[in-house]
>>> print(open('target_20.tsv').read())   # TSV, C-alpha atoms
chain	number	residue	atom	x	y	z
L	1	GLY	CA	184.59	-35.24	48.28
L	2	GLY	CA	187.35	-35.44	50.92
L	3	MET	CA	189.37	-38.01	48.95
L	4	GLN	CA	193.14	-37.57	48.99
L	5	ARG	CA	194.55	-36.57	45.62
L	6	SER	CA	198.07	-36.00	44.42
L	7	PHE	CA	199.15	-34.04	41.37
L	8	ARG	CA	202.41	-34.06	39.46
L	9	PHE	CA	203.51	-31.27	37.12
L	10	PHE	CA	206.10	-31.59	34.38
L	11	PHE	CA	207.68	-28.33	33.24
L	12	ARG	CA	209.23	-28.22	29.78
L	13	GLY	CA	211.68	-25.52	28.82
L	14	THR	CA	210.69	-23.69	25.64
L	15	GLY	CA	212.09	-20.71	23.80
L	16	TYR	CA	215.72	-21.82	24.38
L	17	ASP	CA	218.51	-19.62	23.14
L	18	GLU	CA	220.26	-21.38	20.23
L	19	LYS	CA	223.79	-20.67	21.51
L	20	MET	CA	222.83	-22.21	24.86
L	21	VAL	CA	221.39	-25.37	23.21
L	22	ARG	CA	224.56	-25.80	21.16
L	23	GLU	CA	226.72	-25.46	24.26
L	24	LEU	CA	224.63	-27.80	26.43
L	25	GLU	CA	224.32	-30.46	23.71
L	26	GLY	CA	227.98	-30.38	22.63
L	27	LEU	CA	227.29	-29.04	19.12
L	28	GLU	CA	229.55	-26.76	17.08
L	29	ALA	CA	228.88	-23.01	17.37
L	30	SER	CA	226.15	-21.28	15.36
L	31	GLY	CA	228.41	-20.66	12.32
L	32	SER	CA	228.62	-24.44	11.79
L	33	THR	CA	227.84	-26.19	8.49
L	34	TYR	CA	225.39	-28.25	10.58
L	35	VAL	CA	222.92	-25.43	10.86
L	36	CYS	CA	220.14	-27.06	12.90
L	37	THR	CA	219.97	-28.06	16.57
L	38	LEU	CA	217.04	-30.42	15.83
L	39	CYS	CA	218.23	-32.37	12.77
L	40	ASP	CA	221.39	-33.26	10.80
L	41	SER	CA	220.75	-30.82	7.94
L	42	THR	CA	223.71	-28.94	6.53
L	43	ARG	CA	223.42	-25.34	5.40
L	44	ALA	CA	223.34	-26.41	1.73
L	45	GLU	CA	220.67	-29.08	2.32
L	46	ALA	CA	218.51	-26.68	4.35
L	47	SER	CA	218.62	-24.02	1.62
L	48	LYS	CA	217.35	-26.53	-0.97
L	49	ASN	CA	214.65	-27.98	1.27
L	50	MET	CA	212.69	-25.37	3.21
L	51	VAL	CA	209.71	-27.55	4.10
L	52	LEU	CA	210.26	-31.23	4.81
L	53	HIS	CA	212.09	-31.41	8.14
L	54	SER	CA	211.70	-33.70	11.12
L	55	ILE	CA	213.35	-33.72	14.56
L	56	THR	CA	216.07	-36.39	14.47
L	57	ARG	CA	218.71	-35.27	17.00
L	58	SER	CA	218.56	-36.52	20.57
L	59	HIS	CA	220.70	-36.13	23.70
L	60	CYS	CA	221.60	-39.85	23.77
L	61	GLU	CA	222.69	-39.80	20.13
L	62	ASN	CA	224.78	-36.67	20.75
L	63	LEU	CA	226.56	-38.51	23.59
L	64	GLU	CA	227.25	-41.50	21.31
L	65	ARG	CA	228.53	-39.21	18.57
L	66	TYR	CA	230.82	-37.45	21.06
L	67	GLN	CA	232.43	-40.81	21.94
L	68	ILE	CA	232.99	-41.49	18.22
L	69	TRP	CA	234.46	-37.99	17.82
L	70	ARG	CA	236.79	-38.59	20.79
L	71	LYS	CA	237.94	-42.11	19.90
L	72	ASN	CA	237.71	-42.12	16.06
L	73	PRO	CA	237.16	-45.93	16.04
L	74	PHE	CA	237.16	-46.14	12.21
L	75	SER	CA	240.44	-44.21	11.82
L	76	GLU	CA	238.82	-41.63	9.53
L	77	SER	CA	240.18	-38.29	8.36
L	78	ALA	CA	239.03	-35.12	10.18
L	79	ASP	CA	236.48	-34.32	7.44
L	80	GLU	CA	235.08	-37.87	7.34
L	81	LEU	CA	234.84	-37.97	11.14
L	82	ARG	CA	233.08	-34.60	11.25
L	83	ASP	CA	230.59	-35.79	8.66
L	84	ARG	CA	229.91	-38.93	10.73
L	85	VAL	CA	229.18	-37.04	13.97
L	86	LYS	CA	227.18	-34.26	12.24
L	87	GLY	CA	228.63	-31.30	14.14
L	88	VAL	CA	229.02	-32.79	17.64
L	89	SER	CA	232.42	-31.65	18.92
L	90	ALA	CA	232.18	-31.54	22.74
L	91	LYS	CA	230.60	-33.61	25.49
L	92	PRO	CA	226.85	-32.90	25.87
L	93	PHE	CA	226.29	-32.26	29.59
L	94	MET	CA	222.60	-31.39	29.83
L	95	GLU	CA	219.56	-32.55	27.89
L	96	THR	CA	217.36	-29.93	26.21
L	97	GLN	CA	213.87	-30.68	24.94
L	98	PRO	CA	213.61	-30.38	21.15
L	99	THR	CA	211.58	-27.22	20.75
L	100	LEU	CA	211.35	-23.87	19.00
L	101	ASP	CA	214.12	-21.58	20.23
L	102	ALA	CA	213.56	-17.96	21.29
L	103	LEU	CA	214.96	-16.56	18.03
L	104	HIS	CA	212.49	-18.53	15.92
L	105	CYS	CA	209.60	-17.48	18.21
L	106	ASP	CA	210.56	-13.89	17.32
L	107	ILE	CA	210.83	-14.71	13.62
L	108	GLY	CA	207.44	-16.47	13.60
L	109	ASN	CA	205.73	-13.55	15.35
L	110	ALA	CA	207.34	-10.94	13.11
L	111	THR	CA	206.32	-12.89	9.97
L	112	GLU	CA	202.66	-12.75	11.04
L	113	PHE	CA	202.82	-9.06	11.97
L	114	TYR	CA	204.56	-8.21	8.69
L	115	LYS	CA	201.40	-9.57	6.96
L	116	ILE	CA	199.07	-7.72	9.36
L	117	PHE	CA	200.91	-4.43	8.70
L	118	GLN	CA	200.48	-4.87	4.93
L	119	ASP	CA	196.78	-5.71	5.34
L	120	GLU	CA	196.20	-2.61	7.46
L	121	ILE	CA	197.98	-0.35	4.96
L	122	GLY	CA	195.72	-1.71	2.20
L	123	GLU	CA	192.57	-1.73	4.38
L	124	VAL	CA	192.00	-5.41	3.60
L	125	PHE	CA	188.98	-5.48	5.98
L	126	LEU	CA	187.05	-3.46	3.35
L	127	LYS	CA	187.94	-5.80	0.48
L	128	SER	CA	186.67	-9.34	-0.03
L	129	ASN	CA	189.40	-10.67	-2.32
L	130	PRO	CA	192.33	-8.31	-3.05
L	131	SER	CA	194.38	-9.07	-6.16
L	132	ARG	CA	198.01	-10.14	-6.08
L	133	GLU	CA	198.96	-6.78	-7.63
L	134	GLU	CA	197.24	-4.88	-4.78
L	135	ARG	CA	199.01	-6.98	-2.17
L	136	ARG	CA	202.34	-6.34	-3.92
L	137	ARG	CA	201.66	-2.58	-3.75
L	138	TRP	CA	200.93	-2.76	0.00
L	139	ARG	CA	204.11	-4.69	0.66
L	140	SER	CA	206.13	-2.23	-1.42
L	141	ALA	CA	204.64	0.71	0.56
L	142	LEU	CA	205.52	-0.99	3.87
L	143	ASP	CA	209.10	-1.81	2.77
L	144	LYS	CA	209.60	1.76	1.55
L	145	GLN	CA	208.36	3.22	4.86
L	146	LEU	CA	210.53	0.88	6.96
L	147	ARG	CA	213.57	1.75	4.87
L	148	LYS	CA	212.85	5.49	5.17
L	149	LYS	CA	212.02	5.62	8.90
L	150	LEU	CA	214.14	2.77	10.34
L	151	LYS	CA	216.83	2.27	7.65
L	152	LEU	CA	215.49	-1.30	7.51
L	153	LYS	CA	216.19	-2.93	4.15
L	154	PRO	CA	213.63	-5.44	2.76
L	155	VAL	CA	214.53	-9.12	3.12
L	156	MET	CA	213.52	-12.10	0.97
L	157	ARG	CA	213.10	-14.29	4.05
L	158	MET	CA	212.47	-13.13	7.62
L	159	ASN	CA	215.61	-13.22	9.79
L	160	GLY	CA	216.32	-12.49	13.45
L	161	ASN	CA	217.72	-8.97	13.03
L	162	PHE	CA	214.82	-7.84	10.81
L	163	ALA	CA	212.29	-9.46	13.19
L	164	ARG	CA	213.71	-7.69	16.24
L	165	ARG	CA	213.69	-4.28	14.51
L	166	LEU	CA	210.19	-4.81	13.07
L	167	MET	CA	208.65	-5.62	16.46
L	168	THR	CA	209.44	-2.26	18.08
L	169	ARG	CA	207.33	0.79	18.95
L	170	GLU	CA	209.31	2.85	16.45
L	171	ALA	CA	208.37	0.45	13.62
L	172	VAL	CA	204.69	0.34	14.62
L	173	GLU	CA	204.48	4.14	14.73
L	174	ALA	CA	206.02	4.26	11.24
L	175	VAL	CA	203.46	1.71	9.97
L	176	CYS	CA	200.58	3.68	11.55
L	177	GLU	CA	201.50	6.69	9.43
L	178	LEU	CA	200.36	4.64	6.40
L	179	VAL	CA	197.14	3.28	7.96
L	180	PRO	CA	194.28	5.49	6.67
L	181	SER	CA	191.70	4.83	9.43
L	182	GLU	CA	192.23	6.33	12.89
L	183	GLU	CA	190.16	3.55	14.46
L	184	ARG	CA	192.41	0.88	12.88
L	185	ARG	CA	195.53	2.79	13.96
L	186	GLU	CA	194.32	2.74	17.56
L	187	ALA	CA	193.51	-0.98	17.35
L	188	LEU	CA	196.97	-1.76	15.90
L	189	LEU	CA	198.71	0.28	18.60
L	190	LYS	CA	196.67	-1.51	21.28
L	191	LEU	CA	197.55	-4.93	19.80
L	192	MET	CA	201.25	-4.09	19.74
L	193	ASP	CA	201.14	-2.61	23.24
L	194	LEU	CA	199.80	-5.95	24.53
L	195	TYR	CA	202.58	-7.75	22.62
L	196	PHE	CA	205.26	-5.53	24.19
L	197	GLN	CA	203.84	-6.22	27.66
L	198	MET	CA	203.87	-10.00	27.11
L	199	LYS	CA	207.23	-10.33	25.37
L	200	PRO	CA	209.52	-9.93	28.46
L	201	VAL	CA	207.75	-12.91	30.08
L	202	TRP	CA	208.57	-15.43	27.36
L	203	ARG	CA	212.03	-13.97	26.67
L	204	SER	CA	213.10	-14.26	30.32
L	205	SER	CA	214.58	-17.36	31.94
L	206	PHE	CA	213.20	-16.24	35.33
L	207	PRO	CA	210.09	-14.10	34.68
L	208	ALA	CA	208.98	-14.17	38.34
L	209	ARG	CA	212.24	-12.44	39.26
L	210	ASP	CA	212.86	-10.32	36.13
L	211	CYS	CA	209.37	-9.02	35.30
L	212	PRO	CA	206.86	-9.95	38.06
L	213	ASP	CA	204.32	-7.25	37.07
L	214	GLN	CA	204.13	-8.44	33.44
L	215	LEU	CA	203.91	-12.03	34.64
L	216	CYS	CA	200.88	-11.20	36.84
L	217	ARG	CA	199.13	-9.57	33.88
L	218	TYR	CA	200.22	-12.18	31.33
L	219	SER	CA	197.07	-14.32	31.36
L	220	TYR	CA	194.77	-11.30	31.06
L	221	ASN	CA	196.95	-9.69	28.37
L	222	SER	CA	197.11	-12.88	26.29
L	223	GLN	CA	193.31	-13.22	26.36
L	224	GLN	CA	192.93	-9.57	25.30
L	225	PHE	CA	195.50	-10.12	22.56
L	226	ALA	CA	193.67	-13.22	21.26
L	227	ASP	CA	190.29	-11.45	21.35
L	228	LEU	CA	191.64	-8.46	19.43
L	229	LEU	CA	193.26	-10.70	16.81
L	230	SER	CA	190.15	-12.82	16.29
L	231	THR	CA	187.71	-9.90	16.10
L	232	THR	CA	189.32	-6.69	14.81
L	233	PHE	CA	192.01	-8.41	12.76
>>> encode(input="target_20.tsv", output="structure tokens")
Amino acid sequence: GGMQRSFRFFFRGTGYDEKMVRELEGLEASGSTYVCTLCDSTRAEASKNMVLHSITRSHCENLERYQIWRKNPFSESADELRDRVKGVSAKPFMETQPTLDALHCDIGNATEFYKIFQDEIGEVFLKSNPSREERRRWRSALDKQLRKKLKLKPVMRMNGNFARRLMTREAVEAVCELVPSEERREALLKLMDLYFQMKPVWRSSFPARDCPDQLCRYSYNSQQFADLLSTTF
């Protein structure tokens, strides 16, 4: 009604690249024993505990740990000092928000689509409660096809390389060969086409510069994508 208003927007970076986070926050490189950029878990601890994690690292703490690493106030050996600072080995020079990095966005998406592909091969939409044996057969058929067409070996746990290869047009076309219904094949191709149009936007640091056309269509595409997932799939 003519009243003056002011608005303030806070933008948070998401989908960081892990190598970049490690560099900005002064952490050891990605081969480090300290495997996580969000907590102090070591590789061995993380492999035993896949579920119960919380975000414990912070920029301020990384700065404090860097000072300990530099000064070694307790006159500890190199191994003891490294254990105390939990993988901080350089000065953190920029704060990153604790968030899912771009690699794990890819892994999360691929994990969901790996399930969708199996369901489409087994025509799960026609079955009310498929048995574990049926689901195992569908997964085996998918793994066999991916190995045959893409030389993609099955993995126990989704990783970055498998995720990137799985989420390609080549992989989707290979999966469609096993989907019995033409209507479902078309729906799956449409779903993946929307995904491929949206992906450059969230993978880019500067989408307005790198992929302006996809950015303009992003809102519409994401709504279409959500509608297709919630109805057809």
>>> closest_residue(input="target_20.tsv", among="L:Asp40, L:Ser58, L:Lys48, L:Pro180", to="Arg82 of chain L", atoms="all atoms listed in the file")
L:Asp40
>>> closest_residue(input="target_20.tsv", among="L:Cys216, L:Ile121, L:Ser128, L:Asp106", to="Val172 of chain L", atoms="all atoms listed in the file")
L:Ile121
>>> residues_near_point(input="target_20.tsv", point="(216.6, -19.1, 14.6)", cutoff="9 Å", atoms="only C-alpha atoms", output="ChimeraX atom specification")
/L:17-18,36,100-107,159-160
>>> atom_distance(input="target_20.tsv", atom1="atom CA of Thr111 of chain L", atom2="atom CA of Glu25 of chain L")
28.7 Å
>>> closest_residue(input="target_20.tsv", among="L:Val124, L:Leu27, L:Ala163, L:Ala46", to="Gly87 of chain L", atoms="all atoms listed in the file")
L:Leu27
>>> residues_near_point(input="target_20.tsv", point="(232.8, -42.3, 15.9)", cutoff="12 Å", atoms="all atoms listed in the file", output="list in words")
Glu61, Asn62, Leu63, Glu64, Arg65, Tyr66, Gln67, Ile68, Trp69, Arg70, Lys71, Asn72, Pro73, Phe74, Ser75, Glu76, Ser77, Ala78, Glu80, Leu81, Arg82, Asp83, Arg84, Val85, Lys86, Gly87, Val88 and Ser89 of chain L
>>> closest_residue(input="target_20.tsv", among="L:Leu166, L:Ala171, L:Cys211, L:Leu126", to="Phe233 of chain L", atoms="only C-alpha atoms")
L:Leu126
>>> closest_residue(input="target_20.tsv", among="L:Ser181, L:Asn129, L:Ser6, L:Gln197", to="Arg217 of chain L", atoms="only C-alpha atoms")
L:Gln197
>>> atom_distance(input="target_20.tsv", atom1="atom CA of Gln224 of chain L", atom2="atom CA of Leu142 of chain L")
26.3 Å
>>> residues_around(input="target_20.tsv", residues="Arg22 of chain L", least_positions_apart="4", cutoff="12 Å", atoms="all atoms listed in the file", output="PyMOL selection string")
chain L and resi 16-18+26-32+34-38+57+59+62+87-96+98+101
>>> decode(input="target_20.tsv", residues="segment 105-119 of chain L", atoms="all heavy atoms", output="PDB file, in the first residue's frame")
ATOM      1  N   CYS L 105      25.934 -35.005  -4.775  1.00  0.00           N
ATOM      2  CA  CYS L 105      24.659 -34.748  -5.476  1.00  0.00           C
ATOM      3  C   CYS L 105      24.510 -35.772  -6.606  1.00  0.00           C
ATOM      4  O   CYS L 105      23.453 -36.385  -6.770  1.00  0.00           O
ATOM      5  CB  CYS L 105      24.631 -33.342  -6.091  1.00  0.00           C
ATOM      6  SG  CYS L 105      24.565 -32.013  -4.903  1.00  0.00           S
ATOM      7  N   ASP L 106      25.586 -35.959  -7.374  1.00  0.00           N
ATOM      8  CA  ASP L 106      25.567 -36.920  -8.485  1.00  0.00           C
ATOM      9  C   ASP L 106      25.311 -38.339  -7.985  1.00  0.00           C
ATOM     10  O   ASP L 106      24.535 -39.087  -8.568  1.00  0.00           O
ATOM     11  CB  ASP L 106      26.904 -36.899  -9.238  1.00  0.00           C
ATOM     12  CG  ASP L 106      26.995 -35.757 -10.232  1.00  0.00           C
ATOM     13  OD1 ASP L 106      25.969 -35.083 -10.450  1.00  0.00           O
ATOM     14  OD2 ASP L 106      28.081 -35.528 -10.783  1.00  0.00           O
ATOM     15  N   ILE L 107      25.979 -38.701  -6.893  1.00  0.00           N
ATOM     16  CA  ILE L 107      25.839 -40.055  -6.341  1.00  0.00           C
ATOM     17  C   ILE L 107      24.406 -40.279  -5.845  1.00  0.00           C
ATOM     18  O   ILE L 107      23.801 -41.322  -6.103  1.00  0.00           O
ATOM     19  CB  ILE L 107      26.867 -40.294  -5.211  1.00  0.00           C
ATOM     20  CG1 ILE L 107      28.271 -40.423  -5.802  1.00  0.00           C
ATOM     21  CG2 ILE L 107      26.518 -41.540  -4.393  1.00  0.00           C
ATOM     22  CD1 ILE L 107      29.386 -40.496  -4.778  1.00  0.00           C
ATOM     23  N   GLY L 108      23.846 -39.276  -5.162  1.00  0.00           N
ATOM     24  CA  GLY L 108      22.467 -39.386  -4.664  1.00  0.00           C
ATOM     25  C   GLY L 108      21.468 -39.547  -5.799  1.00  0.00           C
ATOM     26  O   GLY L 108      20.568 -40.399  -5.743  1.00  0.00           O
ATOM     27  N   ASN L 109      21.629 -38.741  -6.849  1.00  0.00           N
ATOM     28  CA  ASN L 109      20.729 -38.831  -8.004  1.00  0.00           C
ATOM     29  C   ASN L 109      20.841 -40.192  -8.694  1.00  0.00           C
ATOM     30  O   ASN L 109      19.836 -40.816  -9.027  1.00  0.00           O
ATOM     31  CB  ASN L 109      21.051 -37.727  -9.022  1.00  0.00           C
ATOM     32  CG  ASN L 109      20.624 -36.360  -8.527  1.00  0.00           C
ATOM     33  OD1 ASN L 109      19.692 -36.249  -7.752  1.00  0.00           O
ATOM     34  ND2 ASN L 109      21.314 -35.326  -8.965  1.00  0.00           N
ATOM     35  N   ALA L 110      22.075 -40.628  -8.908  1.00  0.00           N
ATOM     36  CA  ALA L 110      22.295 -41.902  -9.604  1.00  0.00           C
ATOM     37  C   ALA L 110      21.732 -43.073  -8.797  1.00  0.00           C
ATOM     38  O   ALA L 110      21.196 -44.026  -9.372  1.00  0.00           O
ATOM     39  CB  ALA L 110      23.785 -42.110  -9.867  1.00  0.00           C
ATOM     40  N   THR L 111      21.833 -43.000  -7.471  1.00  0.00           N
ATOM     41  CA  THR L 111      21.292 -44.075  -6.612  1.00  0.00           C
ATOM     42  C   THR L 111      19.792 -44.215  -6.825  1.00  0.00           C
ATOM     43  O   THR L 111      19.258 -45.322  -6.942  1.00  0.00           O
ATOM     44  CB  THR L 111      21.596 -43.775  -5.126  1.00  0.00           C
ATOM     45  OG1 THR L 111      23.016 -43.642  -4.970  1.00  0.00           O
ATOM     46  CG2 THR L 111      21.106 -44.883  -4.219  1.00  0.00           C
ATOM     47  N   GLU L 112      19.092 -43.068  -6.885  1.00  0.00           N
ATOM     48  CA  GLU L 112      17.634 -43.108  -7.102  1.00  0.00           C
ATOM     49  C   GLU L 112      17.298 -43.644  -8.493  1.00  0.00           C
ATOM     50  O   GLU L 112      16.382 -44.446  -8.660  1.00  0.00           O
ATOM     51  CB  GLU L 112      17.033 -41.702  -6.931  1.00  0.00           C
ATOM     52  CG  GLU L 112      17.013 -41.204  -5.494  1.00  0.00           C
ATOM     53  CD  GLU L 112      16.299 -42.167  -4.555  1.00  0.00           C
ATOM     54  OE1 GLU L 112      15.210 -42.657  -4.909  1.00  0.00           O
ATOM     55  OE2 GLU L 112      16.853 -42.448  -3.472  1.00  0.00           O
ATOM     56  N   PHE L 113      18.044 -43.193  -9.501  1.00  0.00           N
ATOM     57  CA  PHE L 113      17.749 -43.625 -10.871  1.00  0.00           C
ATOM     58  C   PHE L 113      18.103 -45.092 -11.092  1.00  0.00           C
ATOM     59  O   PHE L 113      17.458 -45.770 -11.885  1.00  0.00           O
ATOM     60  CB  PHE L 113      18.452 -42.721 -11.888  1.00  0.00           C
ATOM     61  CG  PHE L 113      17.631 -41.524 -12.241  1.00  0.00           C
ATOM     62  CD1 PHE L 113      17.776 -40.330 -11.555  1.00  0.00           C
ATOM     63  CD2 PHE L 113      16.674 -41.604 -13.237  1.00  0.00           C
ATOM     64  CE1 PHE L 113      16.990 -39.229 -11.855  1.00  0.00           C
ATOM     65  CE2 PHE L 113      15.889 -40.505 -13.554  1.00  0.00           C
ATOM     66  CZ  PHE L 113      16.041 -39.314 -12.859  1.00  0.00           C
ATOM     67  N   TYR L 114      19.099 -45.576 -10.376  1.00  0.00           N
ATOM     68  CA  TYR L 114      19.456 -47.000 -10.451  1.00  0.00           C
ATOM     69  C   TYR L 114      18.254 -47.852 -10.006  1.00  0.00           C
ATOM     70  O   TYR L 114      17.952 -48.884 -10.595  1.00  0.00           O
ATOM     71  CB  TYR L 114      20.666 -47.237  -9.549  1.00  0.00           C
ATOM     72  CG  TYR L 114      21.307 -48.597  -9.650  1.00  0.00           C
ATOM     73  CD1 TYR L 114      21.800 -49.082 -10.851  1.00  0.00           C
ATOM     74  CD2 TYR L 114      21.439 -49.407  -8.521  1.00  0.00           C
ATOM     75  CE1 TYR L 114      22.398 -50.327 -10.940  1.00  0.00           C
ATOM     76  CE2 TYR L 114      22.032 -50.652  -8.594  1.00  0.00           C
ATOM     77  CZ  TYR L 114      22.519 -51.107  -9.801  1.00  0.00           C
ATOM     78  OH  TYR L 114      23.115 -52.342  -9.877  1.00  0.00           O
ATOM     79  N   LYS L 115      17.531 -47.368  -8.975  1.00  0.00           N
ATOM     80  CA  LYS L 115      16.317 -48.073  -8.506  1.00  0.00           C
ATOM     81  C   LYS L 115      15.189 -47.950  -9.543  1.00  0.00           C
ATOM     82  O   LYS L 115      14.482 -48.914  -9.819  1.00  0.00           O
ATOM     83  CB  LYS L 115      15.841 -47.475  -7.172  1.00  0.00           C
ATOM     84  CG  LYS L 115      16.748 -47.751  -5.991  1.00  0.00           C
ATOM     85  CD  LYS L 115      16.220 -47.031  -4.766  1.00  0.00           C
ATOM     86  CE  LYS L 115      17.265 -46.930  -3.667  1.00  0.00           C
ATOM     87  NZ  LYS L 115      16.912 -45.899  -2.674  1.00  0.00           N
ATOM     88  N   ILE L 116      15.022 -46.738 -10.086  1.00  0.00           N
ATOM     89  CA  ILE L 116      13.966 -46.521 -11.095  1.00  0.00           C
ATOM     90  C   ILE L 116      14.193 -47.431 -12.310  1.00  0.00           C
ATOM     91  O   ILE L 116      13.261 -48.055 -12.821  1.00  0.00           O
ATOM     92  CB  ILE L 116      13.910 -45.032 -11.528  1.00  0.00           C
ATOM     93  CG1 ILE L 116      13.324 -44.177 -10.393  1.00  0.00           C
ATOM     94  CG2 ILE L 116      13.061 -44.847 -12.798  1.00  0.00           C
ATOM     95  CD1 ILE L 116      13.361 -42.677 -10.660  1.00  0.00           C
ATOM     96  N   PHE L 117      15.454 -47.531 -12.763  1.00  0.00           N
ATOM     97  CA  PHE L 117      15.764 -48.382 -13.919  1.00  0.00           C
ATOM     98  C   PHE L 117      15.368 -49.835 -13.650  1.00  0.00           C
ATOM     99  O   PHE L 117      14.780 -50.498 -14.497  1.00  0.00           O
ATOM    100  CB  PHE L 117      17.259 -48.316 -14.263  1.00  0.00           C
ATOM    101  CG  PHE L 117      17.722 -46.973 -14.774  1.00  0.00           C
ATOM    102  CD1 PHE L 117      19.064 -46.619 -14.730  1.00  0.00           C
ATOM    103  CD2 PHE L 117      16.817 -46.051 -15.292  1.00  0.00           C
ATOM    104  CE1 PHE L 117      19.500 -45.386 -15.204  1.00  0.00           C
ATOM    105  CE2 PHE L 117      17.247 -44.811 -15.768  1.00  0.00           C
ATOM    106  CZ  PHE L 117      18.588 -44.481 -15.713  1.00  0.00           C
ATOM    107  N   GLN L 118      15.688 -50.314 -12.446  1.00  0.00           N
ATOM    108  CA  GLN L 118      15.327 -51.703 -12.094  1.00  0.00           C
ATOM    109  C   GLN L 118      13.809 -51.880 -12.093  1.00  0.00           C
ATOM    110  O   GLN L 118      13.283 -52.867 -12.609  1.00  0.00           O
ATOM    111  CB  GLN L 118      15.872 -52.054 -10.710  1.00  0.00           C
ATOM    112  CG  GLN L 118      17.385 -52.161 -10.647  1.00  0.00           C
ATOM    113  CD  GLN L 118      17.886 -52.273  -9.225  1.00  0.00           C
ATOM    114  OE1 GLN L 118      17.396 -53.076  -8.443  1.00  0.00           O
ATOM    115  NE2 GLN L 118      18.868 -51.467  -8.865  1.00  0.00           N
ATOM    116  N   ASP L 119      13.108 -50.906 -11.506  1.00  0.00           N
ATOM    117  CA  ASP L 119      11.633 -50.983 -11.428  1.00  0.00           C
ATOM    118  C   ASP L 119      11.000 -51.000 -12.817  1.00  0.00           C
ATOM    119  O   ASP L 119      10.003 -51.685 -13.046  1.00  0.00           O
ATOM    120  CB  ASP L 119      11.079 -49.794 -10.634  1.00  0.00           C
ATOM    121  CG  ASP L 119      11.346 -49.925  -9.140  1.00  0.00           C
ATOM    122  OD1 ASP L 119      11.763 -51.028  -8.713  1.00  0.00           O
ATOM    123  OD2 ASP L 119      11.142 -48.951  -8.394  1.00  0.00           O
TER     124      ASP L 119
END
